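Data block for protein16.pdb (PDB, C-alpha atoms):
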ATOM      1  CA  MET I   1      -3.762  -1.429 -36.708
ATOM      2  CA  PRO I   2      -7.265  -0.029 -36.783
ATOM      3  CA  PRO I   3     -10.231  -2.388 -36.154
ATOM      4  CA  VAL I   4     -11.805  -3.811 -39.294
ATOM      5  CA  LYS I   5     -15.549  -4.014 -39.574
ATOM      6  CA  LEU I   6     -17.036  -6.418 -42.086
ATOM      7  CA  CYS I   7     -20.646  -6.586 -43.160
ATOM      8  CA  GLY I   8     -22.394  -8.308 -46.028
ATOM      9  CA  HIS I   9     -25.610  -9.480 -47.568
ATOM     10  CA  ALA I  10     -26.416 -12.999 -48.743
ATOM     11  CA  ILE I  11     -27.520 -13.151 -52.273
ATOM     12  CA  MET I  12     -28.335 -16.875 -52.392
ATOM     13  CA  ASP I  13     -31.267 -18.540 -50.594
ATOM     14  CA  ASP I  14     -30.540 -21.430 -48.165
ATOM     15  CA  ASP I  15     -31.936 -24.501 -49.930
ATOM     16  CA  HIS I  16     -31.234 -26.843 -46.976
ATOM     17  CA  ARG I  17     -32.871 -24.829 -44.205
ATOM     18  CA  GLU I  18     -35.865 -27.227 -43.860
ATOM     19  CA  TRP I  19     -33.651 -30.306 -43.972
ATOM     20  CA  ARG I  20     -31.340 -28.828 -41.329
ATOM     21  CA  SER I  21     -34.228 -27.967 -39.005
ATOM     22  CA  GLU I  22     -35.600 -31.546 -39.381
ATOM     23  CA  VAL I  23     -32.175 -32.995 -38.538
ATOM     24  CA  GLU I  24     -31.880 -30.681 -35.503
ATOM     25  CA  TYR I  25     -35.391 -31.701 -34.370
ATOM     26  CA  GLU I  26     -34.539 -35.417 -34.835
ATOM     27  CA  LEU I  27     -31.291 -35.008 -32.835
ATOM     28  CA  ASP I  28     -33.175 -33.173 -30.074
ATOM     29  CA  MET I  29     -35.732 -36.009 -29.906
ATOM     30  CA  ARG I  30     -33.015 -38.685 -29.757
ATOM     31  CA  HIS I  31     -31.181 -36.764 -27.050
ATOM     32  CA  ARG I  32     -34.444 -36.336 -25.091
ATOM     33  CA  ASP I  33     -35.297 -40.075 -25.442
ATOM     34  CA  ARG I  34     -31.818 -41.124 -24.327
ATOM     35  CA  PHE I  35     -31.984 -38.754 -21.361
ATOM     36  CA  ILE I  36     -35.427 -40.070 -20.340
ATOM     37  CA  ASN I  37     -34.272 -43.702 -20.718
ATOM     38  CA  GLU I  38     -31.237 -43.024 -18.512
ATOM     39  CA  ILE I  39     -33.473 -41.546 -15.818
ATOM     40  CA  ILE I  40     -35.888 -44.489 -16.027
ATOM     41  CA  ASP I  41     -32.993 -46.986 -15.916
ATOM     42  CA  ASP I  42     -31.580 -45.261 -12.839
ATOM     43  CA  ILE I  43     -34.967 -45.366 -11.139
ATOM     44  CA  MET I  44     -35.633 -48.992 -12.095
ATOM     45  CA  GLY I  45     -32.105 -50.009 -11.100
ATOM     46  CA  GLY I  46     -32.804 -48.711  -7.606
ATOM     47  CA  VAL I  47     -36.066 -50.614  -7.265
ATOM     48  CA  ARG I  48     -35.707 -53.919  -5.465
ATOM     49  CA  THR I  49     -38.354 -56.591  -5.249
ATOM     50  CA  PRO I  50     -38.729 -57.719  -1.661
ATOM     51  CA  PRO I  51     -37.610 -61.313  -1.127
ATOM     52  CA  PRO I  52     -40.443 -63.814  -1.110
ATOM     53  CA  GLU I  53     -41.840 -64.614   2.276
ATOM     54  CA  SER I  54     -40.292 -67.752   3.678
ATOM     55  CA  PRO I  55     -42.763 -70.586   3.977
ATOM     56  CA  ASP I  56     -44.364 -71.370   7.324
ATOM     57  CA  LEU I  57     -42.466 -74.537   8.124
ATOM     58  CA  GLU I  58     -44.484 -75.052  11.290
ATOM     59  CA  ASP I  59     -47.349 -76.326   9.120
ATOM     60  CA  PRO I  60     -46.753 -79.966   8.029
ATOM     61  CA  GLU I  61     -48.719 -79.463   4.801
ATOM     62  CA  VAL I  62     -46.435 -76.566   3.804
ATOM     63  CA  TRP I  63     -43.441 -78.756   4.657
ATOM     64  CA  ARG I  64     -44.794 -81.536   2.466
ATOM     65  CA  VAL I  65     -45.367 -79.260  -0.532
ATOM     66  CA  GLU I  66     -42.010 -77.480  -0.182
ATOM     67  CA  PHE I  67     -40.012 -80.678   0.393
ATOM     68  CA  GLU I  68     -41.560 -82.556  -2.523
ATOM     69  CA  GLU I  69     -41.232 -79.576  -4.901
ATOM     70  CA  LYS I  70     -37.555 -79.024  -4.030
ATOM     71  CA  ASN I  71     -36.742 -82.721  -4.425
ATOM     72  CA  GLN I  72     -39.035 -83.545  -7.318
ATOM     73  CA  LYS I  73     -36.121 -84.670  -9.490
ATOM     74  CA  TYR I  74     -35.485 -87.517  -7.022
ATOM     75  CA  ASN I  75     -39.172 -88.413  -6.450
ATOM     76  CA  LEU I  76     -38.790 -88.060  -2.690
ATOM     77  CA  TYR I  77     -41.859 -88.182  -0.464
ATOM     78  CA  TYR I  78     -42.478 -86.226   2.688
ATOM     79  CA  THR I  79     -43.452 -87.826   5.950
ATOM     80  CA  PRO I  80     -42.959 -86.340   9.405
ATOM     81  CA  ILE I  81     -40.519 -89.153  10.180
ATOM     82  CA  ILE I  82     -38.431 -88.459   7.061
ATOM     83  CA  MET I  83     -38.317 -84.754   7.897
ATOM     84  CA  GLY I  84     -37.272 -85.545  11.436
ATOM     85  CA  LEU I  85     -34.465 -87.764  10.144
ATOM     86  CA  PHE I  86     -33.228 -85.126   7.668
ATOM     87  CA  LYS I  87     -33.388 -82.390  10.330
ATOM     88  CA  ASN I  88     -31.467 -84.562  12.759
ATOM     89  CA  LEU I  89     -28.844 -85.299  10.085
ATOM     90  CA  ARG I  90     -28.560 -81.590   9.298
ATOM     91  CA  GLU I  91     -27.944 -80.840  12.978
ATOM     92  CA  LEU I  92     -25.208 -83.494  13.141
ATOM     93  CA  VAL I  93     -23.566 -82.153   9.975
ATOM     94  CA  TYR I  94     -23.711 -78.574  11.293
ATOM     95  CA  ASP I  95     -22.165 -79.748  14.565
ATOM     96  CA  ALA I  96     -19.359 -81.493  12.658
ATOM     97  CA  LEU I  97     -18.739 -78.329  10.619
ATOM     98  CA  LYS I  98     -19.158 -76.083  13.696
ATOM     99  CA  ILE I  99     -21.973 -74.115  12.038
ATOM    100  CA  ASP I 100     -24.631 -72.326  14.062
ATOM    101  CA  ILE I 101     -27.951 -73.880  13.032
ATOM    102  CA  ASP I 102     -29.734 -70.528  13.498
ATOM    103  CA  ASP I 103     -27.347 -68.643  11.185
ATOM    104  CA  PRO I 104     -29.461 -67.372   8.245
ATOM    105  CA  GLU I 105     -26.487 -67.869   5.914
ATOM    106  CA  TYR I 106     -26.865 -71.632   6.384
ATOM    107  CA  TYR I 107     -30.660 -71.787   6.096
ATOM    108  CA  TRP I 108     -31.840 -75.175   4.817
ATOM    109  CA  ASP I 109     -34.575 -74.716   2.212
ATOM    110  CA  LEU I 110     -35.509 -78.452   2.340
ATOM    111  CA  ASP I 111     -33.401 -79.333  -0.717
ATOM    112  CA  VAL I 112     -31.542 -82.563   0.099
ATOM    113  CA  ASP I 113     -28.686 -81.598  -2.235
ATOM    114  CA  TYR I 114     -27.789 -78.856   0.254
ATOM    115  CA  ILE I 115     -27.321 -81.395   3.055
ATOM    116  CA  LYS I 116     -25.253 -83.582   0.744
ATOM    117  CA  SER I 117     -23.026 -80.622  -0.199
ATOM    118  CA  LYS I 118     -22.497 -79.827   3.499
ATOM    119  CA  ILE I 119     -21.611 -83.480   4.184
ATOM    120  CA  ASN I 120     -19.004 -83.262   1.414
ATOM    121  CA  GLU I 121     -17.393 -80.321   3.264
ATOM    122  CA  ILE I 122     -16.602 -82.543   6.283
ATOM    123  CA  LYS I 123     -12.841 -83.186   6.369
ATOM    124  CA  ASP I 124     -12.733 -86.131   8.793
ATOM    125  CA  ASP I 125     -13.056 -89.291   6.661
ATOM    126  CA  PHE I 126     -14.789 -91.364   9.339
ATOM    127  CA  THR I 127     -17.399 -88.683  10.076
ATOM    128  CA  HIS I 128     -17.862 -87.989   6.368
ATOM    129  CA  GLU I 129     -18.487 -91.673   5.613
ATOM    130  CA  ALA I 130     -20.871 -92.074   8.547
ATOM    131  CA  MET I 131     -22.883 -88.981   7.562
ATOM    132  CA  MET I 132     -22.953 -89.968   3.882
ATOM    133  CA  ARG I 133     -24.143 -93.490   4.765
ATOM    134  CA  ARG I 134     -26.882 -92.034   6.933
ATOM    135  CA  TYR I 135     -27.829 -89.562   4.193
ATOM    136  CA  LYS I 136     -28.148 -92.373   1.648
ATOM    137  CA  ASP I 137     -30.273 -94.458   4.026
ATOM    138  CA  ILE I 138     -32.681 -91.581   4.676
ATOM    139  CA  PHE I 139     -32.688 -90.715   0.968
ATOM    140  CA  ASN I 140     -33.658 -94.288   0.042
ATOM    141  CA  ILE I 141     -36.406 -94.367   2.667
ATOM    142  CA  ALA I 142     -37.768 -91.046   1.339
ATOM    143  CA  LYS I 143     -38.041 -92.549  -2.160
ATOM    144  CA  LYS I 144     -40.654 -95.034  -0.943
ATOM    145  CA  LYS I 145     -44.237 -93.885  -1.345
ATOM    146  CA  PRO I 146     -46.020 -93.535   2.028
ATOM    147  CA  LEU I 147     -48.842 -96.003   2.607
ATOM    148  CA  ASP I 148     -51.443 -93.299   3.067
ATOM    149  CA  ARG I 149     -50.762 -92.066  -0.482
ATOM    150  CA  SER I 150     -51.191 -95.477  -2.050
ATOM    151  CA  SER I 151     -54.210 -95.928  -4.312
ATOM    152  CA  MET I 152     -55.159 -99.041  -2.299
ATOM    153  CA  TYR I 153     -54.941 -97.339   1.087
ATOM    154  CA  PRO I 154     -58.566 -96.093   1.295
ATOM    155  CA  TYR I 155     -59.932 -99.535   0.361
ATOM    156  CA  CYS I 156     -57.715-101.432   2.803
ATOM    157  CA  ARG I 157     -58.464 -98.943   5.554
ATOM    158  CA  LYS I 158     -62.189 -99.350   4.985
ATOM    159  CA  ILE I 159     -61.930-103.160   5.174
ATOM    160  CA  ILE I 160     -59.878-102.998   8.386
ATOM    161  CA  GLU I 161     -62.310-100.510   9.942
ATOM    162  CA  GLU I 162     -65.233-102.790   9.068
ATOM    163  CA  MET I 163     -63.416-105.756  10.567
ATOM    164  CA  ALA I 164     -62.635-103.779  13.712
ATOM    165  CA  SER I 165     -66.207-102.576  14.094
ATOM    166  CA  ASP I 166     -67.556-106.118  13.603
ATOM    167  CA  PHE I 167     -64.946-107.708  15.887
ATOM    168  CA  GLU I 168     -66.951-107.451  19.098
ATOM    169  CA  GLU I 169     -70.053-108.940  17.546
ATOM    170  CA  THR I 170     -68.102-111.763  15.856
ATOM    171  CA  SER I 171     -66.216-112.450  19.063
ATOM    172  CA  ASN I 172     -69.447-112.682  21.093
ATOM    173  CA  THR I 173     -70.978-115.051  18.540
ATOM    174  CA  VAL I 174     -67.928-117.351  18.601
ATOM    175  CA  ARG I 175     -67.796-117.165  22.416
ATOM    176  CA  ARG I 176     -71.418-118.284  22.718
ATOM    177  CA  GLU I 177     -70.907-121.078  20.182
ATOM    178  CA  LYS I 178     -67.798-122.379  21.963
ATOM    179  CA  ASP I 179     -69.235-121.738  25.411
ATOM    180  CA  VAL I 180     -66.325-119.512  26.541
ATOM    181  CA  MET I 181     -66.773-117.159  29.481
ATOM    182  CA  GLU I 182     -67.892-113.609  28.772
ATOM    183  CA  TYR I 183     -65.555-110.656  28.448
ATOM    184  CA  HIS I 184     -66.225-106.997  27.704
ATOM    185  CA  PHE I 185     -64.508-104.647  25.292
ATOM    186  CA  GLN I 186     -63.624-101.196  26.557
ATOM    187  CA  GLU I 187     -63.688 -98.085  24.419
ATOM    188  CA  PRO I 188     -60.194 -96.738  23.837
TER
END
Spell out the structure here as structure tokens.
Amino acid sequence: MPPVKLCGHAIMDDDHREWRSEVEYELDMRHRDRFINEIIDDIMGGVRTPPPESPDLEDPEVWRVEFEEKNQKYNLYYTPIIMGLFKNLRELVYDALKIDIDDPEYYWDLDVDYIKSKINEIKDDFTHEAMMRRYKDIFNIAKKKPLDRSSMYPYCRKIIEEMASDFEETSNTVRREKDVMEYHFQEP
């Protein structure tokens, strides 16, 4: 069969040419926006915020702030003695669980709930009870407001300091009145 060649001329104008070009433009813009958003999402998905710097737990003031913030729901107060007791308890619990205290996976962030959860992992009933009793004792001590944070502390301290500074003079006056032999105070 011989090849057939067709040709023709349109006799009607395309009434929808503008509409079709607007639709094509709109689709191109949507496709471009989606493509750009995918690239941005891929870039942002790869961006990682560095972990916050761990607090300097060598500084007692940082310890106090961190400890009291983490345990605010229990109204626990920081003192060096309380921290020493909790650290000692943590070491005993880690020993019972055979956990390396320097392992970053078991880092204690000063939240007392963490120590309690580790105590609950102890299988031996006697050790578990002993650790839990100790935890509760330390917890109850930590709930008591330290004297130096009491509103009366500065006033009482001032009175005691005045009494201590006047002690030598008062003592000498009483000694002379009662005719008791002389003695000397030494500076500490």
Would you translate the PyMOL selection byres ((chain I and resi 90-106) around 10) into the concrete set of residues it matches in this file, as a short mmCIF file (atom, residue, chain, number, x, y, z; two decimals) with C-alpha atoms, in the frame of the given file?
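Contents of out_24.cif, freshly written:
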data_model
loop_
_atom_site.label_atom_id
_atom_site.label_comp_id
_atom_site.auth_asym_id
_atom_site.auth_seq_id
_atom_site.Cartn_x
_atom_site.Cartn_y
_atom_site.Cartn_z
CA GLY I 84 -37.27 -85.54 11.44
CA LEU I 85 -34.47 -87.76 10.14
CA PHE I 86 -33.23 -85.13 7.67
CA LYS I 87 -33.39 -82.39 10.33
CA ASN I 88 -31.47 -84.56 12.76
CA LEU I 89 -28.84 -85.30 10.09
CA TYR I 107 -30.66 -71.79 6.10
CA TRP I 108 -31.84 -75.18 4.82
CA ASP I 109 -34.58 -74.72 2.21
CA VAL I 112 -31.54 -82.56 0.10
CA TYR I 114 -27.79 -78.86 0.25
CA ILE I 115 -27.32 -81.40 3.06
CA LYS I 116 -25.25 -83.58 0.74
CA LYS I 118 -22.50 -79.83 3.50
CA ILE I 119 -21.61 -83.48 4.18
CA ASN I 120 -19.00 -83.26 1.41
CA GLU I 121 -17.39 -80.32 3.26
CA ILE I 122 -16.60 -82.54 6.28
CA LYS I 123 -12.84 -83.19 6.37
CA ASP I 124 -12.73 -86.13 8.79
CA THR I 127 -17.40 -88.68 10.08
CA HIS I 128 -17.86 -87.99 6.37
CA MET I 131 -22.88 -88.98 7.56
CA MET I 132 -22.95 -89.97 3.88
CA TYR I 135 -27.83 -89.56 4.19
#
Evaluating the PyMOL selection byres ((chain I and resi 68) around 12) on the displayed file yields which residues, as a ChimeraX atom specification?
/I:61-67,69-79,82-83,109-112,142-143,145
Output as JSON the centre and edge lengths (Å, one decimal) of the box along x, y and z of the file that holds every listed atom of segment 93-111 of chain I after adding 4 Å on each side.
{"center_x": -27.1, "center_y": -74.8, "center_z": 6.9, "size_x": 24.8, "size_y": 22.8, "size_z": 23.3}
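Distances to Pro146 of chain I were evaluated for I:Ile81, I:Ile39, I:Gln186, I:Arg32 using only C-alpha atoms, and the minimum falls at I:Ile81.
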The distance between atom CA of Asp137 of chain I and atom CA of Arg157 of chain I is 28.6 Å
Separation of atom CA of Trp19 of chain I from atom CA of Cys7 of chain I, in Å and rounded to one decimal
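Distance reported for this atom pair: 27.1 Å.
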